[in-house]
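What follows is the content of entry_24.txt (compact mmCIF, C-alpha atoms and all ligand atoms).
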```
# COMPACT_ATOMS: atom_id res chain seq x y z
CA MET A 1 -5.27 40.65 -42.96
CA ALA A 2 -8.92 41.33 -43.71
CA GLY A 3 -11.24 43.92 -45.24
CA ILE A 4 -14.32 45.85 -44.17
CA TYR A 5 -17.11 46.78 -46.57
CA ILE A 6 -19.68 49.40 -45.55
CA HIS A 7 -22.88 49.63 -47.54
CA ILE A 8 -24.35 53.13 -47.75
CA PRO A 9 -27.90 52.55 -49.06
CA PHE A 10 -28.81 56.01 -50.41
CA CYS A 11 -28.88 57.40 -53.95
CA LYS A 12 -30.15 60.68 -55.39
CA GLN A 13 -32.06 58.88 -58.10
CA ALA A 14 -32.53 55.37 -59.44
CA CYS A 15 -30.35 54.50 -62.42
CA THR A 16 -32.35 52.54 -64.94
CA TYR A 17 -30.30 49.32 -64.78
CA CYS A 18 -29.54 49.11 -61.07
CA ASN A 19 -30.64 46.34 -58.72
CA PHE A 20 -28.39 47.16 -55.77
CA TYR A 21 -30.02 47.82 -52.44
CA PHE A 22 -30.64 51.57 -52.04
CA SER A 23 -33.28 54.16 -51.21
CA THR A 24 -33.78 57.49 -52.97
CA SER A 25 -35.03 59.02 -49.71
CA SER A 26 -32.48 60.09 -47.14
CA TYR A 27 -35.17 60.42 -44.46
CA PHE A 28 -33.58 57.68 -42.33
CA LYS A 29 -29.98 58.77 -42.88
CA ASN A 30 -29.33 59.92 -39.28
CA ASN A 31 -30.90 56.79 -37.82
CA PHE A 32 -28.89 54.69 -40.24
CA ILE A 33 -25.59 56.26 -39.12
CA THR A 34 -26.49 55.57 -35.47
CA ALA A 35 -27.41 51.97 -36.31
CA LEU A 36 -24.22 51.49 -38.31
CA ALA A 37 -22.08 52.69 -35.40
CA LYS A 38 -23.81 50.14 -33.22
CA GLU A 39 -23.25 47.36 -35.75
CA ILE A 40 -19.55 48.27 -35.92
CA ALA A 41 -19.26 47.72 -32.16
CA MET A 42 -21.35 44.55 -32.18
CA GLN A 43 -19.37 42.96 -35.01
CA SER A 44 -15.94 43.92 -33.70
CA HIS A 45 -14.95 40.27 -33.08
CA TYR A 46 -16.13 38.88 -36.42
CA LEU A 47 -12.70 39.06 -38.01
CA SER A 48 -10.97 37.47 -34.99
CA GLU A 49 -8.80 40.50 -34.29
CA GLU A 50 -7.19 40.39 -37.75
CA GLU A 51 -5.53 43.55 -38.96
CA ILE A 52 -7.65 45.53 -41.40
CA LYS A 53 -5.94 46.39 -44.65
CA THR A 54 -8.89 47.87 -46.60
CA VAL A 55 -12.02 49.80 -45.73
CA TYR A 56 -14.40 50.14 -48.65
CA PHE A 57 -17.44 52.43 -48.64
CA GLY A 58 -19.78 51.05 -51.33
CA GLY A 59 -23.41 51.50 -52.13
CA GLY A 60 -25.73 53.02 -53.00
CA THR A 61 -23.79 56.26 -53.16
CA PRO A 62 -21.37 56.75 -50.25
CA SER A 63 -20.39 60.20 -51.52
CA ILE A 64 -23.88 61.34 -50.48
CA LEU A 65 -22.67 61.26 -46.85
CA GLU A 66 -21.44 64.46 -45.25
CA THR A 67 -17.73 64.51 -44.45
CA GLN A 68 -18.59 64.64 -40.72
CA GLU A 69 -20.64 61.46 -41.07
CA LEU A 70 -17.77 59.66 -42.78
CA GLU A 71 -15.38 60.94 -40.14
CA TYR A 72 -17.65 59.66 -37.38
CA LEU A 73 -17.85 56.20 -39.00
CA LEU A 74 -14.08 55.99 -39.47
CA THR A 75 -13.56 56.98 -35.83
CA GLU A 76 -15.99 54.29 -34.69
CA LEU A 77 -14.18 51.72 -36.85
CA SER A 78 -10.81 52.73 -35.43
CA LYS A 79 -12.13 52.17 -31.88
CA HIS A 80 -13.03 48.57 -32.60
CA PHE A 81 -10.59 47.36 -35.26
CA SER A 82 -6.88 47.46 -35.68
CA PHE A 83 -5.89 49.18 -38.93
CA ALA A 84 -2.81 48.18 -40.92
CA GLU A 85 -0.24 50.93 -41.37
CA ASN A 86 -0.86 51.22 -45.10
CA LEU A 87 -4.65 51.03 -44.75
CA GLU A 88 -6.50 51.72 -48.00
CA ILE A 89 -9.76 53.62 -47.53
CA CYS A 90 -11.77 53.60 -50.72
CA LEU A 91 -14.98 55.54 -51.31
CA GLU A 92 -17.38 55.01 -54.20
CA ALA A 93 -18.52 58.39 -55.47
CA ASN A 94 -20.72 59.93 -58.12
CA PRO A 95 -19.32 62.87 -60.08
CA ASP A 96 -22.06 65.32 -59.05
CA ASP A 97 -21.09 64.91 -55.37
CA LEU A 98 -17.39 65.56 -55.94
CA THR A 99 -17.19 69.33 -55.62
CA PRO A 100 -13.72 70.83 -55.04
CA LEU A 101 -14.66 71.42 -51.39
CA LYS A 102 -15.86 67.87 -50.88
CA LEU A 103 -12.74 66.43 -52.52
CA LYS A 104 -10.50 68.51 -50.27
CA ALA A 105 -12.40 67.33 -47.18
CA LEU A 106 -12.29 63.67 -48.26
CA LYS A 107 -8.56 63.89 -48.78
CA GLN A 108 -8.06 65.45 -45.35
CA LEU A 109 -10.14 62.67 -43.84
CA GLY A 110 -7.72 60.04 -45.09
CA ILE A 111 -9.75 58.65 -47.99
CA ASN A 112 -6.91 57.52 -50.26
CA ARG A 113 -8.75 55.87 -53.14
CA LEU A 114 -11.82 57.00 -55.07
CA SER A 115 -13.93 54.76 -57.25
CA ILE A 116 -15.98 57.11 -59.41
CA GLY A 117 -19.17 55.99 -61.17
CA ILE A 118 -18.62 57.71 -64.50
CA GLN A 119 -20.30 54.99 -66.66
CA SER A 120 -19.94 57.02 -69.89
CA PHE A 121 -18.48 60.31 -71.11
CA LYS A 122 -21.36 60.69 -73.58
CA GLU A 123 -24.36 62.75 -72.53
CA SER A 124 -26.97 60.63 -74.35
CA ASP A 125 -25.74 57.44 -72.62
CA LEU A 126 -25.99 59.13 -69.22
CA LEU A 127 -29.52 60.30 -69.99
CA PHE A 128 -30.50 56.82 -71.16
CA MET A 129 -29.18 55.28 -67.92
CA LYS A 130 -30.76 58.08 -65.82
CA ARG A 131 -27.47 58.93 -64.17
CA SER A 132 -27.49 61.91 -61.83
CA HIS A 133 -24.49 63.63 -63.44
CA THR A 134 -23.45 65.12 -66.77
CA ALA A 135 -20.51 64.23 -69.03
CA LYS A 136 -18.93 67.57 -68.15
CA GLU A 137 -19.14 66.82 -64.42
CA ALA A 138 -17.53 63.44 -65.07
CA LEU A 139 -14.44 65.02 -66.58
CA GLN A 140 -14.33 67.92 -64.13
CA CYS A 141 -14.39 65.73 -61.02
CA ILE A 142 -11.49 63.59 -62.26
CA GLU A 143 -9.44 66.69 -62.98
CA GLN A 144 -10.32 68.17 -59.58
CA ALA A 145 -9.57 64.92 -57.74
CA ARG A 146 -6.08 64.98 -59.25
CA ILE A 147 -5.63 68.61 -58.18
CA GLU A 148 -6.56 67.64 -54.61
CA GLY A 149 -3.88 64.95 -54.65
CA PHE A 150 -5.86 61.75 -55.30
CA ASP A 151 -3.42 59.55 -57.20
CA ASN A 152 -5.31 56.30 -56.65
CA LEU A 153 -8.32 56.74 -58.90
CA SER A 154 -10.65 54.16 -60.37
CA ILE A 155 -13.61 54.77 -62.64
CA ASP A 156 -16.51 52.58 -63.78
CA LEU A 157 -17.64 52.46 -67.39
CA ILE A 158 -20.58 50.59 -68.95
CA TYR A 159 -20.66 49.10 -72.46
CA GLY A 160 -23.29 47.41 -74.56
CA ILE A 161 -25.69 50.36 -74.13
CA PRO A 162 -28.32 50.51 -76.91
CA GLU A 163 -27.34 53.16 -79.47
CA GLN A 164 -23.73 53.03 -78.20
CA SER A 165 -21.69 52.47 -81.35
CA ASN A 166 -18.27 50.81 -81.42
CA GLU A 167 -16.80 54.28 -82.00
CA ASP A 168 -18.65 55.66 -78.96
CA TRP A 169 -17.30 52.89 -76.75
CA LEU A 170 -13.77 53.25 -78.03
CA GLY A 171 -14.18 57.02 -77.61
CA ASN A 172 -15.00 56.49 -73.90
CA LEU A 173 -11.87 54.37 -73.47
CA ASN A 174 -9.70 56.86 -75.34
CA ARG A 175 -10.97 59.68 -73.11
CA LEU A 176 -8.89 58.15 -70.33
CA GLU A 177 -5.64 59.21 -71.87
CA GLY A 178 -3.86 61.77 -69.71
CA LEU A 179 -6.54 61.78 -66.98
CA GLY A 180 -4.25 60.12 -64.43
CA ILE A 181 -6.54 57.16 -63.72
CA ASN A 182 -4.84 53.94 -62.64
CA HIS A 183 -7.81 51.57 -62.38
CA LEU A 184 -10.82 50.89 -64.55
CA SER A 185 -13.89 48.69 -64.03
CA CYS A 186 -15.96 47.93 -67.14
CA TYR A 187 -19.32 46.20 -67.03
CA ALA A 188 -21.69 45.08 -69.76
CA LEU A 189 -25.14 46.61 -69.34
CA THR A 190 -27.44 43.83 -68.14
CA VAL A 191 -31.16 43.64 -67.51
CA GLU A 192 -31.84 42.76 -63.89
CA ASP A 193 -35.31 41.78 -62.73
CA ASN A 194 -37.63 44.57 -61.62
CA THR A 195 -35.37 47.41 -62.64
CA PRO A 196 -36.82 50.31 -64.69
CA LEU A 197 -34.83 48.98 -67.66
CA TYR A 198 -36.46 45.56 -67.26
CA HIS A 199 -39.96 47.11 -67.24
CA ASP A 200 -39.25 49.43 -70.17
CA ILE A 201 -38.07 46.49 -72.28
CA ARG A 202 -41.09 44.41 -71.28
CA LYS A 203 -43.42 47.26 -72.25
CA GLY A 204 -41.63 47.62 -75.57
CA LYS A 205 -40.49 51.18 -74.81
CA ILE A 206 -36.88 50.06 -75.32
CA LYS A 207 -35.69 47.23 -77.49
CA ALA A 208 -34.00 44.25 -75.82
CA LEU A 209 -30.27 44.50 -75.27
CA ASP A 210 -28.06 43.01 -77.94
CA GLU A 211 -25.58 40.46 -76.58
CA ASP A 212 -23.56 40.60 -79.81
CA LEU A 213 -23.05 44.34 -79.26
CA ALA A 214 -21.74 43.69 -75.74
CA ALA A 215 -19.44 40.94 -77.06
CA GLU A 216 -18.16 43.31 -79.75
CA HIS A 217 -17.51 46.02 -77.14
CA PHE A 218 -15.71 43.51 -74.95
CA LYS A 219 -13.44 42.67 -77.90
CA ILE A 220 -12.75 46.39 -78.37
CA LEU A 221 -11.86 46.62 -74.68
CA ARG A 222 -9.43 43.69 -74.98
CA ASN A 223 -7.66 45.20 -78.00
CA TRP A 224 -7.57 48.67 -76.46
CA SER A 225 -6.13 47.34 -73.18
CA LYS A 226 -3.31 45.64 -75.09
CA SER A 227 -2.44 48.64 -77.22
CA GLU A 228 -2.68 51.11 -74.31
CA HIS A 229 -0.86 48.81 -71.84
CA TRP A 230 -3.63 48.31 -69.31
CA GLU A 231 -3.47 45.01 -67.41
CA HIS A 232 -6.81 43.27 -67.91
CA TYR A 233 -6.40 41.34 -64.66
CA GLU A 234 -10.02 40.33 -64.10
CA ILE A 235 -12.92 40.12 -66.55
CA SER A 236 -14.34 43.46 -65.40
CA ASN A 237 -11.19 45.09 -64.03
CA LEU A 238 -8.11 46.66 -65.58
CA CYS A 239 -5.25 48.61 -64.10
CA LYS A 240 -2.01 50.39 -64.84
CA GLU A 241 1.30 49.22 -63.40
CA GLY A 242 0.01 46.67 -60.90
CA ASN A 243 -2.57 48.96 -59.27
CA TYR A 244 -4.99 46.09 -58.63
CA SER A 245 -7.99 46.83 -56.44
CA ARG A 246 -6.70 45.68 -53.06
CA HIS A 247 -10.18 45.24 -51.66
CA ASN A 248 -11.55 43.14 -54.52
CA THR A 249 -8.37 41.12 -54.94
CA ALA A 250 -8.77 40.03 -51.31
CA TYR A 251 -12.26 38.67 -52.15
CA TRP A 252 -10.80 36.68 -55.02
CA ASN A 253 -7.97 35.40 -52.81
CA ASP A 254 -10.40 33.94 -50.30
CA GLU A 255 -9.54 36.45 -47.55
CA LYS A 256 -11.96 37.30 -44.76
CA TYR A 257 -14.14 40.38 -44.82
CA LEU A 258 -16.86 41.97 -42.75
CA GLY A 259 -19.81 43.66 -44.45
CA LEU A 260 -21.70 46.33 -42.51
CA GLY A 261 -24.99 47.99 -43.41
CA PRO A 262 -28.21 46.62 -44.94
CA GLY A 263 -27.64 43.89 -47.51
CA ALA A 264 -23.87 43.70 -46.86
CA HIS A 265 -22.17 40.28 -47.02
CA SER A 266 -19.49 38.91 -44.71
CA TYR A 267 -17.15 35.93 -44.96
CA ASN A 268 -14.98 34.43 -42.22
CA GLY A 269 -13.40 31.54 -44.11
CA LYS A 270 -16.09 29.02 -43.16
CA GLU A 271 -19.41 30.80 -43.32
CA ARG A 272 -20.99 33.49 -45.40
CA GLN A 273 -23.63 35.79 -43.94
CA TRP A 274 -25.64 38.68 -45.28
CA ASN A 275 -27.55 41.43 -43.54
CA VAL A 276 -31.24 41.76 -44.35
CA PRO A 277 -31.51 44.21 -47.26
CA ASN A 278 -34.10 46.44 -45.61
CA LEU A 279 -33.14 49.77 -44.09
CA LYS A 280 -36.09 49.96 -41.69
CA TYR A 281 -35.56 46.45 -40.29
CA TYR A 282 -31.85 47.13 -40.05
CA ILE A 283 -32.39 50.28 -37.97
CA GLU A 284 -35.14 48.76 -35.78
CA ALA A 285 -33.10 45.62 -35.03
CA LEU A 286 -30.01 47.57 -34.02
CA LYS A 287 -32.11 49.83 -31.79
CA GLU A 288 -32.79 46.65 -29.83
CA ASN A 289 -29.14 45.56 -30.03
CA LYS A 290 -29.94 42.80 -32.50
CA LEU A 291 -28.21 41.88 -35.74
CA GLN A 292 -30.50 40.84 -38.59
CA PHE A 293 -28.67 38.48 -40.92
CA GLU A 294 -28.94 35.14 -42.64
CA LYS A 295 -26.10 32.71 -42.69
CA GLU A 296 -24.88 29.67 -44.58
CA SER A 297 -22.04 27.30 -43.86
CA LEU A 298 -20.09 26.68 -47.00
CA SER A 299 -19.91 23.02 -47.96
CA GLU A 300 -16.71 21.76 -49.55
CA ALA A 301 -18.50 21.74 -52.91
CA ASN A 302 -19.58 25.39 -52.41
CA GLN A 303 -16.03 26.38 -51.59
CA PHE A 304 -14.71 24.52 -54.63
CA ASN A 305 -17.23 26.19 -56.94
CA GLU A 306 -16.46 29.63 -55.53
CA ARG A 307 -12.74 29.06 -56.05
CA ILE A 308 -13.39 28.08 -59.67
CA MET A 309 -15.71 31.02 -60.28
CA THR A 310 -13.45 33.69 -58.83
CA SER A 311 -10.08 32.48 -60.09
CA ILE A 312 -11.15 31.68 -63.65
CA ARG A 313 -12.16 35.32 -64.06
CA THR A 314 -8.64 36.56 -63.34
CA MET A 315 -5.66 36.74 -65.69
CA TRP A 316 -3.83 34.28 -63.41
CA GLY A 317 -6.57 31.68 -63.93
CA ILE A 318 -6.99 28.52 -61.88
CA ASP A 319 -3.79 27.34 -60.21
CA LYS A 320 -4.10 23.56 -60.59
CA ASN A 321 -1.59 22.68 -57.85
CA LEU A 322 -3.39 24.90 -55.39
CA LEU A 323 -6.77 23.50 -56.37
CA LYS A 324 -5.47 19.94 -56.04
CA SER A 325 -4.00 20.53 -52.59
CA LYS A 326 -7.14 22.27 -51.31
CA PHE A 327 -9.73 19.99 -52.95
CA PRO A 328 -8.08 16.58 -53.59
CA LYS A 329 -11.50 14.90 -53.65
CA TYR A 330 -12.80 17.04 -56.53
CA PHE A 331 -9.64 17.47 -58.56
CA PRO A 332 -10.06 14.35 -60.78
CA TYR A 333 -13.57 15.57 -61.70
CA PHE A 334 -12.18 19.03 -62.54
CA GLU A 335 -9.55 17.51 -64.86
CA LYS A 336 -12.17 15.37 -66.57
CA GLN A 337 -14.47 18.36 -67.15
CA ILE A 338 -11.72 20.36 -68.89
CA ALA A 339 -12.04 17.96 -71.82
CA PHE A 340 -15.63 19.22 -72.36
CA LEU A 341 -14.62 22.86 -72.68
CA ASP A 342 -14.25 24.51 -76.06
CA GLY A 343 -10.51 24.43 -76.82
CA ASP A 344 -10.61 27.97 -78.25
CA SER A 345 -11.96 29.32 -74.97
CA ILE A 346 -9.14 28.17 -72.72
CA ILE A 347 -5.38 28.01 -72.36
CA ASN A 348 -4.64 24.78 -70.54
CA THR A 349 -1.08 24.38 -69.25
CA ASP A 350 0.42 21.92 -66.74
CA ARG A 351 0.04 24.48 -63.99
CA HIS A 352 -2.90 26.74 -64.92
CA LEU A 353 -6.26 26.88 -66.63
CA ILE A 354 -6.71 30.36 -68.06
CA LEU A 355 -9.43 31.79 -70.29
CA SER A 356 -8.38 32.82 -73.79
CA ASP A 357 -9.54 36.13 -75.26
CA GLU A 358 -12.48 34.29 -76.86
CA GLY A 359 -13.39 32.59 -73.57
CA LYS A 360 -13.25 35.67 -71.37
CA PHE A 361 -16.62 37.06 -72.40
CA TYR A 362 -18.25 33.71 -71.50
CA ALA A 363 -16.42 33.20 -68.18
CA ASP A 364 -19.51 32.47 -66.08
CA GLY A 365 -20.81 29.79 -68.45
CA ILE A 366 -17.39 28.15 -68.67
CA ALA A 367 -16.98 28.16 -64.87
CA ALA A 368 -20.42 26.55 -64.51
CA LYS A 369 -19.23 23.57 -66.57
CA LEU A 370 -16.54 22.93 -63.96
CA PHE A 371 -18.84 23.15 -60.94
CA ILE A 372 -19.50 20.24 -58.60
CA GLU A 373 -23.15 19.60 -57.77
CA ASP A 374 -23.73 19.97 -54.06
S1 LIG B 1 -25.94 55.52 -58.21
FE1 LIG B 1 -25.13 53.40 -58.22
S2 LIG B 1 -26.23 52.32 -56.59
FE2 LIG B 1 -27.35 54.24 -57.00
S3 LIG B 1 -28.94 53.67 -58.45
FE3 LIG B 1 -27.20 54.39 -59.66
S4 LIG B 1 -25.98 52.54 -60.10
FE4 LIG B 1 -27.40 52.03 -58.44
```
As structure tokens, please, write out the structure in this file.
Amino acid sequence: MAGIYIHIPFCKQACTYCNFYFSTSSYFKNNFITALAKEIAMQSHYLSEEEIKTVYFGGGTPSILETQELEYLLTELSKHFSFAENLEICLEANPDDLTPLKLKALKQLGINRLSIGIQSFKESDLLFMKRSHTAKEALQCIEQARIEGFDNLSIDLIYGIPEQSNEDWLGNLNRLEGLGINHLSCYALTVEDNTPLYHDIRKGKIKALDEDLAAEHFKILRNWSKSEHWEHYEISNLCKEGNYSRHNTAYWNDEKYLGLGPGAHSYNGKERQWNVPNLKYYIEALKENKLQFEKESLSEANQFNERIMTSIRTMWGIDKNLLKSKFPKYFPYFEKQIAFLDGDSIINTDRHLILSDEGKFYADGIAAKLFIED
């Protein structure tokens, strides 16, 4: 079983914190769709005929596409790949695109999961982040999606926003009650290089982000998830009643995936490759039947480090038996390194190494202490 990710590189406007690959001009949209259809055909053997269990439209803003464009892409995919019976088709969407008409059409098309970029239910946060939607639209689109029969709904929220008090953050989480959402992704606001947020902080227009505020909000999230019975199954992901993101869980379980579109990454178990993140080059190359990507073979050390990084972030932690059987050469080093970790940050049993509540906020730093140098 494998997954397909399709990167749709268009957005209405640039959110202040975002460093994903996207363009705010849709001038090349038609050419992009043509190029994408060609890439689908050219990459049809990448997953060695494995059955596809998830198709994920990410971005950018996939909900910017017309229903006919999405239908065309799904038809092209179905010509070249074999879909599993219970295929999950997930579409990332922004609230301002999700009109009742659009939602109805998406449902008819077979999209069976929506991941909605809400980010906050508070107007001032949305203005600060330069989101393209209002708080009212955020609530309305969730309600409307439920009316249209979407019962597999995920939303994204951001915490650690300057001026976002603990009460504001908890208020965002409490807004979820009764909305019928079964999956939640929560990210700390970060400053990525060359984003508008980065420049505004450098110019002193905005004060630097406060890591203590983000840590405090993460603690609120942990407590809220326990009291409201959300499974906090990965550092940034929570769900109700086992509704884990099938697409992302496959990444964490080392399954193969094909990424299509500019900047998209692929993994076939041995190598990782990524398309050039440039829309013009992408279109020009495919016009000449060429694929523009870079590739790296994963060394054993790379694979070990990736296993550590992805599994330590989950509630299941690192399965020591599995790690030992897959990486016998590195296992003694791993066991030795555990002794250097802060005891309050981890739960170390015979079978698993799991992050404690205290350790979860510092997952990346803790994982780095267990890495092998290549
Ligand atoms: S809509 Fe999403 S991809 Fe586009 S700029 Fe905003 S955060 Fe980035």
Open item on the list: Give me, as a ChimeraX atom specification, all polymer residues having an atom no more than 10 Å from segment 356-373 of chain A, counting only C-alpha atoms and skipping those fewer than 2 positions away in the same chain.
Closed with: /A:188,214-216,218-219,222-223,234-236,300-315,330,333-338,340-348,353-354
Keeping only C-alpha atoms, write those residues as a CSV table (one decimal), in the frame of the given file.
```csv
chain,number,residue,atom,x,y,z
A,188,ALA,CA,-21.7,45.1,-69.8
A,214,ALA,CA,-21.7,43.7,-75.7
A,215,ALA,CA,-19.4,40.9,-77.1
A,216,GLU,CA,-18.2,43.3,-79.8
A,218,PHE,CA,-15.7,43.5,-75.0
A,219,LYS,CA,-13.4,42.7,-77.9
A,222,ARG,CA,-9.4,43.7,-75.0
A,223,ASN,CA,-7.7,45.2,-78.0
A,234,GLU,CA,-10.0,40.3,-64.1
A,235,ILE,CA,-12.9,40.1,-66.6
A,236,SER,CA,-14.3,43.5,-65.4
A,300,GLU,CA,-16.7,21.8,-49.6
A,301,ALA,CA,-18.5,21.7,-52.9
A,302,ASN,CA,-19.6,25.4,-52.4
A,303,GLN,CA,-16.0,26.4,-51.6
A,304,PHE,CA,-14.7,24.5,-54.6
A,305,ASN,CA,-17.2,26.2,-56.9
A,306,GLU,CA,-16.5,29.6,-55.5
A,307,ARG,CA,-12.7,29.1,-56.0
A,308,ILE,CA,-13.4,28.1,-59.7
A,309,MET,CA,-15.7,31.0,-60.3
A,310,THR,CA,-13.4,33.7,-58.8
A,311,SER,CA,-10.1,32.5,-60.1
A,312,ILE,CA,-11.2,31.7,-63.6
A,313,ARG,CA,-12.2,35.3,-64.1
A,314,THR,CA,-8.6,36.6,-63.3
A,315,MET,CA,-5.7,36.7,-65.7
A,330,TYR,CA,-12.8,17.0,-56.5
A,333,TYR,CA,-13.6,15.6,-61.7
A,334,PHE,CA,-12.2,19.0,-62.5
A,335,GLU,CA,-9.6,17.5,-64.9
A,336,LYS,CA,-12.2,15.4,-66.6
A,337,GLN,CA,-14.5,18.4,-67.2
A,338,ILE,CA,-11.7,20.4,-68.9
A,340,PHE,CA,-15.6,19.2,-72.4
A,341,LEU,CA,-14.6,22.9,-72.7
A,342,ASP,CA,-14.2,24.5,-76.1
A,343,GLY,CA,-10.5,24.4,-76.8
A,344,ASP,CA,-10.6,28.0,-78.2
A,345,SER,CA,-12.0,29.3,-75.0
A,346,ILE,CA,-9.1,28.2,-72.7
A,347,ILE,CA,-5.4,28.0,-72.4
A,348,ASN,CA,-4.6,24.8,-70.5
A,353,LEU,CA,-6.3,26.9,-66.6
A,354,ILE,CA,-6.7,30.4,-68.1
```
Let me have the centre and edge lengths in Å, one decimal, of the box along x, y and z around every listed atom of ligand LIG 1 (chain B) with 5 Å of margin on each side, as AutoDock Vina command-line options.
```
--center_x -27.0 --center_y 53.8 --center_z -58.3 --size_x 13.8 --size_y 13.5 --size_z 13.5
```
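Among A:Leu153, A:Leu73, A:Ala84, A:Cys90, the residue with the shortest atom-to-atom distance to Thr34 of chain A, counting all atoms listed in the file, is A:Leu73.
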Between chain A and ligand LIG 1 (chain B), at 7 Å or less, what are the per-residue closest atom pairs and their distances in Å? Count only C-alpha atoms and all ligand atoms, order by chain and rising residue number, and return it as a tab-separated table.
```
residue	atom	partner	partner_atom	distance
A:Phe10	CA	B:LIG1	FE2	7.0
A:Cys11	CA	B:LIG1	FE2	4.7
A:Gln13	CA	B:LIG1	S3	6.1
A:Ala14	CA	B:LIG1	S3	4.1
A:Cys15	CA	B:LIG1	FE3	4.2
A:Cys18	CA	B:LIG1	FE4	4.5
A:Asn19	CA	B:LIG1	FE4	6.6
A:Phe20	CA	B:LIG1	FE4	5.6
A:Phe22	CA	B:LIG1	S2	6.4
A:Gly59	CA	B:LIG1	S2	5.3
A:Gly60	CA	B:LIG1	S2	3.7
A:Thr61	CA	B:LIG1	S1	5.5
A:Asn94	CA	B:LIG1	S1	6.8
A:Arg131	CA	B:LIG1	FE3	6.4
```
TODO: Go through A:Phe128, A:Lys295, A:Ile161, A:Thr16 one by one, measure the shortest atom-to-atom distance of each to Asp193 of chain A using only C-alpha atoms, and give the residue with the smallest value.
DONE: A:Thr16
Determine, for each residue of segment 76-180 of chain A having at least one atom at most 10 Å from an atom of segment 243-267 of chain A, the closest pair of atoms and their separation in Å to one decimal, counting all atoms listed in the file; order by chain and ascending number, as CSV.
```
residue,atom,partner,partner_atom,distance
A:Glu88,CA,A:Arg246,CA,7.9
A:Ile89,CA,A:His247,CA,9.4
A:Cys90,CA,A:His247,CA,8.6
A:Arg113,CA,A:Ser245,CA,9.7
A:Ser115,CA,A:Ser245,CA,9.9
A:Asn152,CA,A:Asn243,CA,8.3
A:Leu153,CA,A:Asn243,CA,9.7
A:Ser154,CA,A:Ser245,CA,8.7
```
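Take the candidates A:Lys280, A:Arg272, A:Arg202, A:Lys79 and check each one against Glu296 of chain A using all atoms listed in the file; the shortest distance goes to A:Arg272.
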9 Å contact set for Leu209 of chain A, all atoms listed in the file, chain neighbours under 6 positions out, as a short mmCIF file (atom, residue, chain, number, x, y, z; two decimals) with C-alpha atoms, keeping the file's coordinate frame:
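Resulting contents of result-v8.cif:
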```cif
data_model
loop_
_atom_site.label_atom_id
_atom_site.label_comp_id
_atom_site.auth_asym_id
_atom_site.auth_seq_id
_atom_site.Cartn_x
_atom_site.Cartn_y
_atom_site.Cartn_z
CA GLY A 160 -23.29 47.41 -74.56
CA ILE A 161 -25.69 50.36 -74.13
CA PRO A 162 -28.32 50.51 -76.91
CA LEU A 189 -25.14 46.61 -69.34
CA THR A 190 -27.44 43.83 -68.14
CA VAL A 191 -31.16 43.64 -67.51
CA ILE A 201 -38.07 46.49 -72.28
#
```
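The smallest atom-to-atom distance between Trp230 of chain A and any of A:Leu170, A:Ile206, A:Leu103, A:Leu184, using only C-alpha atoms, is found for A:Leu184.
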- [ ] Would you mind reading off the distance between atom CA of Gly110 of chain A and atom CA of Glu71 of chain A, one decimal, in Å?
- [x] 9.2 Å
Task: Counting only C-alpha atoms, the residue of A:Leu70, A:Asp374, A:Ile118, A:Pro9 that sits nearest Phe28 of chain A - done: A:Pro9
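Note that the spacing between atom CA of Ser165 of chain A and atom CA of Asp125 of chain A amounts to 10.8 Å.
Each of A:Asn194, A:Asn30, A:Ser25, A:Ser44 was compared to Tyr72 of chain A using only C-alpha atoms, and A:Asn30 turns out to be the nearest.
Here atom CA of Ile155 of chain A and atom CA of Gln119 of chain A stand 7.8 Å from one another.
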TODO: Just give me the residues with any atom within 12 Å of (-31.5, 55.3, -34.2), file coordinates, counting only C-alpha atoms, written as a ChimeraX atom specification.
DONE: /A:28-39,279-289
Keeping only C-alpha atoms, write the selected residues to a file as a PDB file, in the coordinates of the input.
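This is the output file selection-v1.pdb:
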```pdb
ATOM      1  CA  PHE A  28     -33.580  57.680 -42.330  1.00  0.00           C
ATOM      2  CA  LYS A  29     -29.980  58.770 -42.880  1.00  0.00           C
ATOM      3  CA  ASN A  30     -29.330  59.920 -39.280  1.00  0.00           C
ATOM      4  CA  ASN A  31     -30.900  56.790 -37.820  1.00  0.00           C
ATOM      5  CA  PHE A  32     -28.890  54.690 -40.240  1.00  0.00           C
ATOM      6  CA  ILE A  33     -25.590  56.260 -39.120  1.00  0.00           C
ATOM      7  CA  THR A  34     -26.490  55.570 -35.470  1.00  0.00           C
ATOM      8  CA  ALA A  35     -27.410  51.970 -36.310  1.00  0.00           C
ATOM      9  CA  LEU A  36     -24.220  51.490 -38.310  1.00  0.00           C
ATOM     10  CA  ALA A  37     -22.080  52.690 -35.400  1.00  0.00           C
ATOM     11  CA  LYS A  38     -23.810  50.140 -33.220  1.00  0.00           C
ATOM     12  CA  GLU A  39     -23.250  47.360 -35.750  1.00  0.00           C
ATOM     13  CA  LEU A 279     -33.140  49.770 -44.090  1.00  0.00           C
ATOM     14  CA  LYS A 280     -36.090  49.960 -41.690  1.00  0.00           C
ATOM     15  CA  TYR A 281     -35.560  46.450 -40.290  1.00  0.00           C
ATOM     16  CA  TYR A 282     -31.850  47.130 -40.050  1.00  0.00           C
ATOM     17  CA  ILE A 283     -32.390  50.280 -37.970  1.00  0.00           C
ATOM     18  CA  GLU A 284     -35.140  48.760 -35.780  1.00  0.00           C
ATOM     19  CA  ALA A 285     -33.100  45.620 -35.030  1.00  0.00           C
ATOM     20  CA  LEU A 286     -30.010  47.570 -34.020  1.00  0.00           C
ATOM     21  CA  LYS A 287     -32.110  49.830 -31.790  1.00  0.00           C
ATOM     22  CA  GLU A 288     -32.790  46.650 -29.830  1.00  0.00           C
ATOM     23  CA  ASN A 289     -29.140  45.560 -30.030  1.00  0.00           C
TER      24      ASN A 289
END
```
